[in-house]
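Participant: My file is model.tsv. It has TSV, C-alpha atoms:
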```tsv
chain	number	residue	atom	x	y	z
A	1	MET	CA	46.55	69.54	127.07
A	2	ILE	CA	43.51	70.23	124.91
A	3	LEU	CA	45.09	73.51	123.82
A	4	LEU	CA	48.37	71.78	122.88
A	5	SER	CA	46.47	69.08	121.02
A	6	LYS	CA	44.54	71.65	119.00
A	7	LEU	CA	47.75	73.57	118.35
A	8	GLY	CA	49.41	70.38	117.09
A	9	ILE	CA	46.53	69.67	114.74
A	10	PHE	CA	46.68	73.26	113.45
A	11	ILE	CA	50.41	72.97	112.75
A	12	LEU	CA	49.97	69.62	110.98
A	13	VAL	CA	47.16	70.94	108.78
A	14	SER	CA	49.18	74.07	108.00
A	15	MET	CA	52.15	71.95	106.93
A	16	LEU	CA	49.99	69.80	104.68
A	17	LEU	CA	48.47	72.85	103.02
A	18	SER	CA	51.67	74.82	102.70
A	19	PRO	CA	53.16	75.36	99.19
A	20	GLN	CA	56.21	73.21	99.94
A	21	ASN	CA	53.96	70.18	100.34
A	22	ASP	CA	51.83	71.02	97.32
A	23	LYS	CA	54.54	70.47	94.74
A	24	LYS	CA	53.41	69.35	91.31
A	25	PRO	CA	55.54	67.35	88.87
A	26	VAL	CA	57.88	69.51	86.82
A	27	HIS	CA	56.58	67.88	83.63
A	28	SER	CA	53.84	65.44	82.75
A	29	PHE	CA	54.52	62.47	80.51
A	30	GLU	CA	52.06	60.90	78.11
A	31	SER	CA	51.93	57.18	77.39
A	32	GLU	CA	54.40	55.90	74.84
A	33	GLN	CA	53.65	54.22	71.53
A	34	ASN	CA	55.53	51.49	69.68
A	35	LEU	CA	55.70	52.12	65.93
A	36	GLY	CA	57.30	48.77	65.08
A	37	SER	CA	60.72	47.47	64.14
A	38	GLY	CA	63.42	49.91	63.11
A	39	SER	CA	66.47	51.91	64.08
A	40	GLN	CA	67.85	55.47	64.05
A	41	PRO	CA	64.53	57.37	63.99
A	42	GLU	CA	64.41	61.05	63.09
A	43	ILE	CA	61.46	63.37	63.75
A	44	ALA	CA	60.12	66.73	62.56
A	45	VAL	CA	56.87	68.67	62.88
A	46	ASP	CA	55.77	70.80	59.93
A	47	ALA	CA	54.05	74.20	60.02
A	48	SER	CA	50.60	72.61	59.95
A	49	GLY	CA	51.40	70.45	62.97
A	50	VAL	CA	51.84	67.11	61.21
A	51	ILE	CA	54.36	64.92	63.03
A	52	ARG	CA	56.67	63.10	60.63
A	53	ILE	CA	59.08	60.30	61.52
A	54	VAL	CA	61.52	58.34	59.36
A	55	TYR	CA	63.76	55.43	60.26
A	56	GLY	CA	65.66	52.53	58.78
A	57	VAL	CA	64.70	48.87	58.86
A	58	LYS	CA	67.11	46.01	58.30
A	59	ASN	CA	65.61	43.41	56.01
A	60	GLY	CA	68.20	40.66	55.80
A	61	LYS	CA	71.11	42.22	53.94
A	62	GLU	CA	68.86	45.00	52.67
A	63	ARG	CA	67.96	48.35	54.24
A	64	ASP	CA	64.57	50.03	53.78
A	65	LEU	CA	63.50	53.60	54.55
A	66	TYR	CA	60.24	53.81	56.50
A	67	TYR	CA	57.93	56.75	57.17
A	68	VAL	CA	55.04	57.36	59.59
A	69	SER	CA	53.03	60.47	60.41
A	70	SER	CA	50.42	61.80	62.82
A	71	VAL	CA	47.88	64.54	62.09
A	72	ASP	CA	46.39	64.70	65.60
A	73	GLY	CA	49.38	65.65	67.71
A	74	GLY	CA	50.62	62.12	68.22
A	75	LYS	CA	47.49	60.39	69.47
A	76	PHE	CA	47.49	58.10	66.45
A	77	TYR	CA	50.18	57.32	63.87
A	78	SER	CA	49.79	56.12	60.32
A	79	LYS	CA	50.72	52.64	59.24
A	80	PRO	CA	54.48	52.48	58.46
A	81	PHE	CA	55.12	53.17	54.79
A	82	VAL	CA	58.15	51.89	52.86
A	83	VAL	CA	59.56	54.89	51.01
A	84	GLY	CA	62.19	52.84	49.25
A	85	ASN	CA	65.07	50.43	49.42
A	86	PHE	CA	68.56	51.74	50.14
A	87	SER	CA	70.56	48.53	50.28
A	88	GLN	CA	73.70	50.10	51.73
A	89	MET	CA	72.01	52.62	54.05
A	90	GLY	CA	74.16	53.51	57.04
A	91	LEU	CA	72.34	52.62	60.27
A	92	GLY	CA	73.73	53.03	63.77
A	93	MET	CA	75.86	55.46	65.81
A	94	GLY	CA	74.24	58.50	64.21
A	95	ARG	CA	74.12	56.96	60.75
A	96	GLY	CA	70.57	56.92	59.52
A	97	PRO	CA	68.01	58.96	57.57
A	98	GLN	CA	67.92	62.71	58.22
A	99	LEU	CA	64.64	64.62	58.15
A	100	THR	CA	63.36	68.17	57.93
A	101	THR	CA	60.25	69.97	56.67
A	102	THR	CA	59.83	73.02	54.43
A	103	LYS	CA	56.90	75.07	53.19
A	104	ASP	CA	55.83	72.44	50.64
A	105	TYR	CA	57.86	69.30	51.35
A	106	THR	CA	59.10	66.74	53.80
A	107	VAL	CA	62.77	66.21	52.95
A	108	VAL	CA	64.84	63.13	53.79
A	109	THR	CA	68.49	62.37	53.12
A	110	VAL	CA	70.03	58.91	53.26
A	111	GLY	CA	73.74	58.13	53.30
A	112	ASP	CA	75.02	54.75	52.16
A	113	HIS	CA	78.24	52.83	52.70
A	114	GLN	CA	79.07	52.99	49.01
A	115	GLY	CA	79.81	56.65	49.69
A	116	ASN	CA	76.79	58.49	48.31
A	117	LEU	CA	74.23	60.78	49.92
A	118	PHE	CA	70.72	60.70	48.46
A	119	ALA	CA	67.68	62.92	48.95
A	120	VAL	CA	63.97	62.21	48.55
A	121	ASN	CA	60.99	64.37	49.37
A	122	LEU	CA	57.28	64.08	50.04
A	123	SER	CA	55.03	66.71	48.47
A	124	ASN	CA	52.45	68.14	50.86
A	125	LYS	CA	50.21	68.86	47.88
A	126	THR	CA	50.25	65.50	46.09
A	127	ASN	CA	51.34	63.26	48.99
A	128	GLN	CA	53.75	61.58	46.58
A	129	TRP	CA	57.40	60.75	47.16
A	130	SER	CA	60.03	61.85	44.66
A	131	LYS	CA	62.69	59.59	43.21
A	132	PRO	CA	66.09	59.68	44.96
A	133	VAL	CA	68.65	62.19	43.71
A	134	ARG	CA	72.32	62.19	44.62
A	135	VAL	CA	73.55	65.15	46.66
A	136	ASN	CA	77.33	64.69	46.49
A	137	ASP	CA	78.66	65.76	43.08
A	138	ALA	CA	81.84	63.70	43.42
A	139	ASP	CA	81.06	59.98	43.28
A	140	THR	CA	81.36	57.85	46.45
A	141	THR	CA	82.95	60.53	48.64
A	142	ALA	CA	80.47	60.42	51.55
A	143	LYS	CA	81.71	57.04	52.74
A	144	GLU	CA	80.97	57.49	56.45
A	145	ALA	CA	77.24	58.02	55.76
A	146	LEU	CA	77.21	60.78	58.38
A	147	SER	CA	75.31	63.98	57.63
A	148	GLY	CA	73.10	66.71	59.06
A	149	LEU	CA	70.09	68.47	57.55
A	150	GLY	CA	68.29	71.75	58.19
A	151	ALA	CA	65.51	73.82	56.61
A	152	GLY	CA	65.22	77.56	56.11
A	153	LYS	CA	62.70	79.91	54.53
A	154	ASP	CA	60.22	78.59	51.95
A	155	ASN	CA	61.77	75.40	50.48
A	156	LEU	CA	65.41	76.08	51.24
A	157	VAL	CA	67.32	73.10	52.64
A	158	TYR	CA	70.98	72.70	53.54
A	159	THR	CA	72.90	69.51	54.27
A	160	ALA	CA	76.44	68.95	55.54
A	161	TRP	CA	78.39	65.70	55.56
A	162	LEU	CA	81.80	64.09	55.99
A	163	ASP	CA	83.49	63.88	52.58
A	164	THR	CA	86.73	62.21	51.44
A	165	ARG	CA	87.33	63.86	48.05
A	166	LEU	CA	90.44	65.63	49.41
A	167	GLY	CA	91.88	62.39	50.77
A	168	ASN	CA	90.74	62.68	54.38
A	169	ASN	CA	87.32	63.36	55.85
A	170	ASN	CA	86.49	67.04	55.61
A	171	LEU	CA	83.23	68.93	55.98
A	172	TYR	CA	81.23	69.57	52.80
A	173	GLY	CA	77.77	70.99	52.21
A	174	ALA	CA	75.13	71.61	49.55
A	175	LEU	CA	72.06	73.79	49.19
A	176	SER	CA	68.66	73.02	47.72
A	177	SER	CA	66.12	75.76	47.06
A	178	ASP	CA	63.33	73.42	45.92
A	179	GLY	CA	62.89	71.15	48.93
A	180	GLY	CA	65.54	68.62	47.98
A	181	LEU	CA	64.46	67.98	44.40
A	182	SER	CA	67.78	69.32	43.13
A	183	TRP	CA	71.05	70.33	44.77
A	184	GLY	CA	73.68	72.92	44.01
A	185	GLU	CA	77.43	72.57	43.67
A	186	ASN	CA	79.08	71.04	46.71
A	187	GLN	CA	80.99	73.50	48.89
A	188	LEU	CA	83.94	72.87	51.19
A	189	ILE	CA	82.75	74.12	54.57
A	190	TYR	CA	85.86	73.30	56.58
A	191	LYS	CA	89.14	71.58	55.74
A	192	GLY	CA	90.79	69.88	58.68
A	193	GLU	CA	94.13	71.49	59.46
A	194	GLN	CA	95.66	68.22	60.61
A	195	ASN	CA	94.65	65.44	58.22
A	196	GLY	CA	90.93	66.06	58.21
A	197	ILE	CA	88.28	66.22	60.90
A	198	CYS	CA	86.99	63.53	63.25
A	199	ASP	CA	86.05	60.59	61.04
A	200	CYS	CA	82.98	59.06	62.69
A	201	CYS	CA	80.99	61.87	64.31
A	202	LYS	CA	77.80	63.17	62.74
A	203	PRO	CA	77.65	66.91	61.88
A	204	SER	CA	74.59	69.00	62.78
A	205	VAL	CA	72.88	71.73	60.75
A	206	TYR	CA	70.52	74.49	61.85
A	207	ILE	CA	69.14	77.45	59.86
A	208	ASN	CA	67.72	80.35	61.86
A	209	PRO	CA	64.76	82.51	60.73
A	210	GLY	CA	67.19	85.08	59.34
A	211	GLY	CA	68.69	82.49	56.99
A	212	LYS	CA	72.00	82.05	58.80
A	213	ILE	CA	73.32	78.50	58.46
A	214	PHE	CA	75.05	76.94	61.47
A	215	VAL	CA	77.04	73.71	61.23
A	216	MET	CA	78.58	71.89	64.19
A	217	PHE	CA	81.20	69.15	63.83
A	218	ARG	CA	83.88	67.37	65.82
A	219	ASN	CA	87.38	68.43	64.88
A	220	LYS	CA	90.70	66.60	65.13
A	221	MET	CA	93.54	68.86	66.26
A	222	ASN	CA	96.62	68.43	68.46
A	223	GLY	CA	95.39	65.13	69.84
A	224	ALA	CA	92.00	66.55	70.85
A	225	ARG	CA	88.52	65.75	69.49
A	226	ASN	CA	86.67	68.95	70.39
A	227	MET	CA	83.43	70.31	68.96
A	228	TYR	CA	83.49	73.30	66.59
A	229	LEU	CA	80.81	75.62	65.24
A	230	ILE	CA	80.91	77.41	61.89
A	231	SER	CA	78.32	79.58	60.13
A	232	SER	CA	77.36	81.20	56.82
A	233	ASN	CA	75.31	84.30	56.04
A	234	ASP	CA	75.03	83.72	52.28
A	235	ASN	CA	73.28	80.36	51.91
A	236	GLY	CA	76.48	78.38	52.30
A	237	GLU	CA	78.55	80.05	49.59
A	238	HIS	CA	81.04	81.23	52.20
A	239	PHE	CA	81.60	80.18	55.79
A	240	GLY	CA	83.36	82.13	58.52
A	241	GLN	CA	86.06	80.88	60.83
A	242	ALA	CA	85.24	77.78	62.84
A	243	GLY	CA	85.18	78.34	66.59
A	244	ARG	CA	85.86	75.77	69.28
A	245	LEU	CA	83.07	75.06	71.75
A	246	GLY	CA	83.77	74.78	75.47
A	247	MET	CA	86.96	75.42	77.41
A	248	GLY	CA	88.08	71.87	78.14
A	249	ASN	CA	89.86	69.44	75.81
A	250	TYR	CA	88.80	65.95	74.82
A	251	MET	CA	92.16	64.24	74.50
A	252	ILE	CA	91.64	60.92	72.76
A	253	ASN	CA	93.28	59.17	69.83
A	254	ALA	CA	90.04	57.66	68.57
A	255	CYS	CA	86.64	58.73	67.33
A	256	PRO	CA	83.94	59.12	70.03
A	257	MET	CA	81.24	58.40	67.40
A	258	ASP	CA	78.99	61.03	68.97
A	259	GLY	CA	78.24	64.29	67.16
A	260	GLY	CA	75.89	66.11	69.53
A	261	ASP	CA	73.26	68.60	68.41
A	262	LEU	CA	72.54	72.33	68.14
A	263	THR	CA	69.71	74.84	68.08
A	264	VAL	CA	69.36	78.61	67.78
A	265	ASN	CA	66.90	80.82	69.66
A	266	ALA	CA	64.89	83.79	68.40
A	267	LYS	CA	67.72	86.16	69.36
A	268	GLY	CA	70.12	84.28	67.10
A	269	GLU	CA	71.99	82.72	70.02
A	270	ALA	CA	73.34	79.23	69.34
A	271	PHE	CA	73.15	76.47	71.94
A	272	THR	CA	74.98	73.18	71.54
A	273	VAL	CA	75.01	69.87	73.38
A	274	TRP	CA	77.76	67.30	73.04
A	275	ARG	CA	79.75	64.63	74.80
A	276	ARG	CA	83.25	64.75	76.24
A	277	GLN	CA	84.53	61.53	77.80
A	278	MET	CA	81.28	60.11	79.20
A	279	GLU	CA	79.79	63.45	80.24
A	280	VAL	CA	77.19	65.56	78.44
A	281	TYR	CA	77.61	69.34	78.19
A	282	LEU	CA	75.61	72.38	77.14
A	283	ALA	CA	77.64	75.19	75.57
A	284	GLU	CA	77.21	78.53	73.85
A	285	PRO	CA	79.94	79.88	71.56
A	286	GLY	CA	82.63	81.70	73.52
A	287	LYS	CA	81.33	80.58	76.91
A	288	ALA	CA	82.31	77.85	79.35
A	289	GLU	CA	80.45	74.60	78.97
A	290	ILE	CA	77.86	73.49	81.55
A	291	LYS	CA	77.87	69.87	82.64
A	292	LEU	CA	74.43	68.27	82.40
A	293	GLY	CA	75.34	64.80	83.62
A	294	SER	CA	76.78	61.50	82.52
A	295	GLY	CA	75.71	60.00	79.21
A	296	ARG	CA	75.97	60.30	75.45
A	297	THR	CA	74.08	61.08	72.19
A	298	PRO	CA	72.53	64.36	73.43
A	299	VAL	CA	69.95	66.29	71.42
A	300	ILE	CA	68.53	69.77	71.99
A	301	LEU	CA	65.30	71.53	71.05
A	302	GLN	CA	64.41	75.22	71.27
A	303	THR	CA	61.03	75.96	72.89
A	304	ALA	CA	59.29	79.18	73.95
A	305	LYS	CA	60.46	78.48	77.49
A	306	GLY	CA	64.05	77.66	76.56
A	307	ASN	CA	66.03	74.54	75.71
A	308	ALA	CA	64.69	71.01	76.11
A	309	ILE	CA	67.45	68.40	76.13
A	310	ALA	CA	67.54	64.61	75.99
A	311	TRP	CA	70.38	62.10	76.10
A	312	GLN	CA	71.16	58.49	76.78
A	313	LEU	CA	72.46	57.37	80.18
A	314	ASP	CA	73.39	53.69	80.21
A	315	ASN	CA	70.24	52.14	78.71
A	316	SER	CA	67.73	54.86	79.54
A	317	ILE	CA	66.62	58.14	77.97
A	318	GLN	CA	67.09	61.23	80.16
A	319	PHE	CA	65.04	64.40	79.66
A	320	GLN	CA	65.67	67.88	81.03
A	321	GLY	CA	63.11	70.62	80.51
A	322	PRO	CA	63.77	74.32	79.86
A	323	ASP	CA	63.81	75.16	83.58
A	324	GLY	CA	66.81	72.87	84.04
A	325	LEU	CA	65.61	71.95	87.53
A	326	LYS	CA	65.02	68.26	87.09
A	327	THR	CA	66.15	65.41	84.88
A	328	SER	CA	63.56	62.68	84.33
A	329	SER	CA	63.76	59.26	82.72
A	330	LEU	CA	61.66	58.50	79.66
A	331	GLY	CA	62.37	54.80	80.03
A	332	ILE	CA	64.72	52.31	78.46
A	333	GLY	CA	66.08	53.37	75.08
A	334	GLN	CA	68.87	54.87	73.01
A	335	TYR	CA	69.45	57.54	70.32
A	336	PRO	CA	66.71	60.04	71.29
A	337	LYS	CA	65.40	62.71	68.92
A	338	LEU	CA	63.15	65.66	69.79
A	339	ALA	CA	60.53	67.82	68.06
A	340	LEU	CA	58.11	70.49	69.25
A	341	ALA	CA	54.40	69.99	68.63
A	342	LYS	CA	52.22	72.69	67.10
A	343	ASP	CA	50.83	73.65	70.52
A	344	GLN	CA	54.36	74.83	71.40
A	345	LYS	CA	54.19	73.13	74.79
A	346	THR	CA	54.47	69.44	73.94
A	347	VAL	CA	57.87	67.91	73.24
A	348	ILE	CA	57.75	64.69	71.23
A	349	CYS	CA	60.61	62.26	71.73
A	350	THR	CA	61.34	59.24	69.56
A	351	PHE	CA	64.07	56.70	70.20
A	352	GLU	CA	65.14	53.09	69.78
A	353	ARG	CA	64.35	50.33	72.25
A	354	ASP	CA	65.39	46.75	71.56
A	355	GLY	CA	65.01	47.17	67.81
A	356	GLN	CA	61.68	48.99	68.08
A	357	ILE	CA	60.77	52.63	67.38
A	358	ILE	CA	59.23	54.29	70.44
A	359	VAL	CA	57.45	57.66	70.63
A	360	THR	CA	56.46	59.51	73.78
A	361	SER	CA	55.48	63.07	74.69
A	362	VAL	CA	56.40	65.49	77.46
A	363	ILE	CA	54.17	68.42	78.43
A	364	LEU	CA	56.31	71.37	79.46
```
Please express what this file holds, its structure, as C-alpha cells.
Facilitator:
Amino acid sequence: MILLSKLGIFILVSMLLSPQNDKKPVHSFESEQNLGSGSQPEIAVDASGVIRIVYGVKNGKERDLYYVSSVDGGKFYSKPFVVGNFSQMGLGMGRGPQLTTTKDYTVVTVGDHQGNLFAVNLSNKTNQWSKPVRVNDADTTAKEALSGLGAGKDNLVYTAWLDTRLGNNNLYGALSSDGGLSWGENQLIYKGEQNGICDCCKPSVYINPGGKIFVMFRNKMNGARNMYLISSNDNGEHFGQAGRLGMGNYMINACPMDGGDLTVNAKGEAFTVWRRQMEVYLAEPGKAEIKLGSGRTPVILQTAKGNAIAWQLDNSIQFQGPDGLKTSSLGIGQYPKLALAKDQKTVICTFERDGQIIVTSVIL
C-alpha cells in the first residue's frame, strides 16, 4: 500500500511537471488605452519607432481630423491634436483618414462626400503640418470617399481610390514622390468590365521594398463581388492584369461594404484577407482561400514570424498570431487596424469602441 501510494504521488508530480501541463499563453496582451472620442482610426509606425494614429471626430455637422503619437512604444500617447477641419469627411464602413509614413513625412489622405480626396503631411524635421492638397485631378470624382494608401522608398507614396469620372466607379491611382506634398497625373488602374467595380468597398495599397505596387479591390462581375489583386512595376504608370483571389464566388447583388487588407512578405509574396458572406478568409494569389472564421473587416500585418491578422466578430476584436494556432479576443470593438512596433515583436492594434479610440498591444 505504501509502495502504491508513493507510486501515485510520483505519477501525479510527473504529470504536473510534464510539458503538456506547463503550457504558456500563445501571446501576452498589454493593458489597453483610451485615446478619446473618435472613429475610423488608422495607425502606422515610422522607421524611428514613433507610433502615429489618425482618426476622425464628429463635431456636430462638422468633421475634424485628429492625430496622436507615442515615442516610447505606446506606453504614453500625446494629447490629441486637431490637424484640421474636413467638413464632409467620410467616416464609417472603411471611410476615414488613411495614414502611412515615409523617410521624412507622415502622410494622411482624407476623402470627403463632395467627391474630393485631399492629402496633408507632417514633417519629421519641422513637426509642422502642410496645407491640404487635392489628389484627384478631376473635380468631385471620388464621391465614395474610399481609398487606400501605401509608402515606398524614400518619400514615395501611392494612393488608390474609387472614381466616377468614367460614369461608374472605377479604380484610379496617383503617385507622390515628395511625401504627399504634390501628386502626379491620375491613372486608371482598372476599369470595371461590367459597369464599374464594387461601389462601396475600400481598396488597399501596399508597396514592397522592391517598389512594386499592389492594389486590392472588390470587383463586380457576373453577379459576383469577388476580390481582385493588381500590381505595377513602374510606379503606377502601368498595371498588369487583375487576378481574382480565392476559388469561391461571392454571389450578391449588393455591396458588402468590406474591402479587406493586404501585405507582402520579404520574398515578394502577397497575402490578402477579406470577407465573403460572413466569413473571413486568408488568400494568396492563385491559391485556394483559407477560412479563418466568422466575422468581417479583417486586417493583416507582416511580421518576422509571419502574418498577424485581426477582424471583427459580432462586437469583439479577434486576433490571430503568425503561428495561426489560436484566436484570441482583444475585447469589445470594431474596425481594427494593426501596426508593428520597432522591436519587431509587438503588434499594436487600434479600433473603435462605443465612439472611443482604443489602443492595445500584443507581444508575439
Participant: Report as a list in words all protein, DNA and RNA residues lying within 8 Å of A:Leu122, evaluated on all atoms listed in the file, omitting residues in the same chain fewer than 2 positions from it.
Facilitator: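 Those residues are Tyr105, Thr106, Val107, Val120, Asn124, Asn127, Gln128, Trp129 and Ser130 of chain A.
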Participant: Restrict the calculation to all atoms listed in the file, then for each residue of stretch 326-349 of chain A with any atom at most 12 Å from an atom of stretch 53-59 of chain A give the closest atom pair and their distance in Å to one decimal, rows by chain and rising residue number, as CSV.
Facilitator:
```
residue,atom,partner,partner_atom,distance
A:Tyr335,CA,A:Tyr55,CA,11.7
A:Lys337,CA,A:Ile53,CA,10.0
A:Leu338,CA,A:Ile53,CA,10.7
A:Ala339,CA,A:Ile53,CA,10.1
A:Ile348,CA,A:Ile53,CA,10.7
A:Cys349,CA,A:Ile53,CA,10.5
```
Participant: I want to know what sits within 7 Å of A:Ile363, based on all atoms listed in the file, with residues of the same chain fewer than 6 positions away left out; could you give that as JSON, numbers by chain?
Facilitator: {"A": [27, 28, 29, 345, 346, 347]}
Participant: Hey, can you check how far atom CA of A:Gly179 sits from atom CA of A:Ala119?
Facilitator: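 Result for atom CA of A:Gly179 versus atom CA of A:Ala119: 9.5 Å, one decimal.
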Participant: Could you give me, as JSON lines, a per-residue list for stretch 166-197 of chain A showing, wherever an atom lies at most 8 Å from an atom of stretch 229-237 of chain A, the closest pair of atoms and their distance in Å to one decimal, using all atoms listed in the file and sorting by chain then residue number from low to high?
Facilitator:
```
{"residue": "A:Gly173", "atom": "CA", "partner": "A:Gly236", "partner_atom": "CA", "distance": 7.5}
{"residue": "A:Ala174", "atom": "CA", "partner": "A:Gly236", "partner_atom": "CA", "distance": 7.4}
{"residue": "A:Leu175", "atom": "CA", "partner": "A:Gly236", "partner_atom": "CA", "distance": 7.1}
{"residue": "A:Gln187", "atom": "CA", "partner": "A:Glu237", "partner_atom": "CA", "distance": 7.0}
{"residue": "A:Ile189", "atom": "CA", "partner": "A:Gly236", "partner_atom": "CA", "distance": 7.9}
```
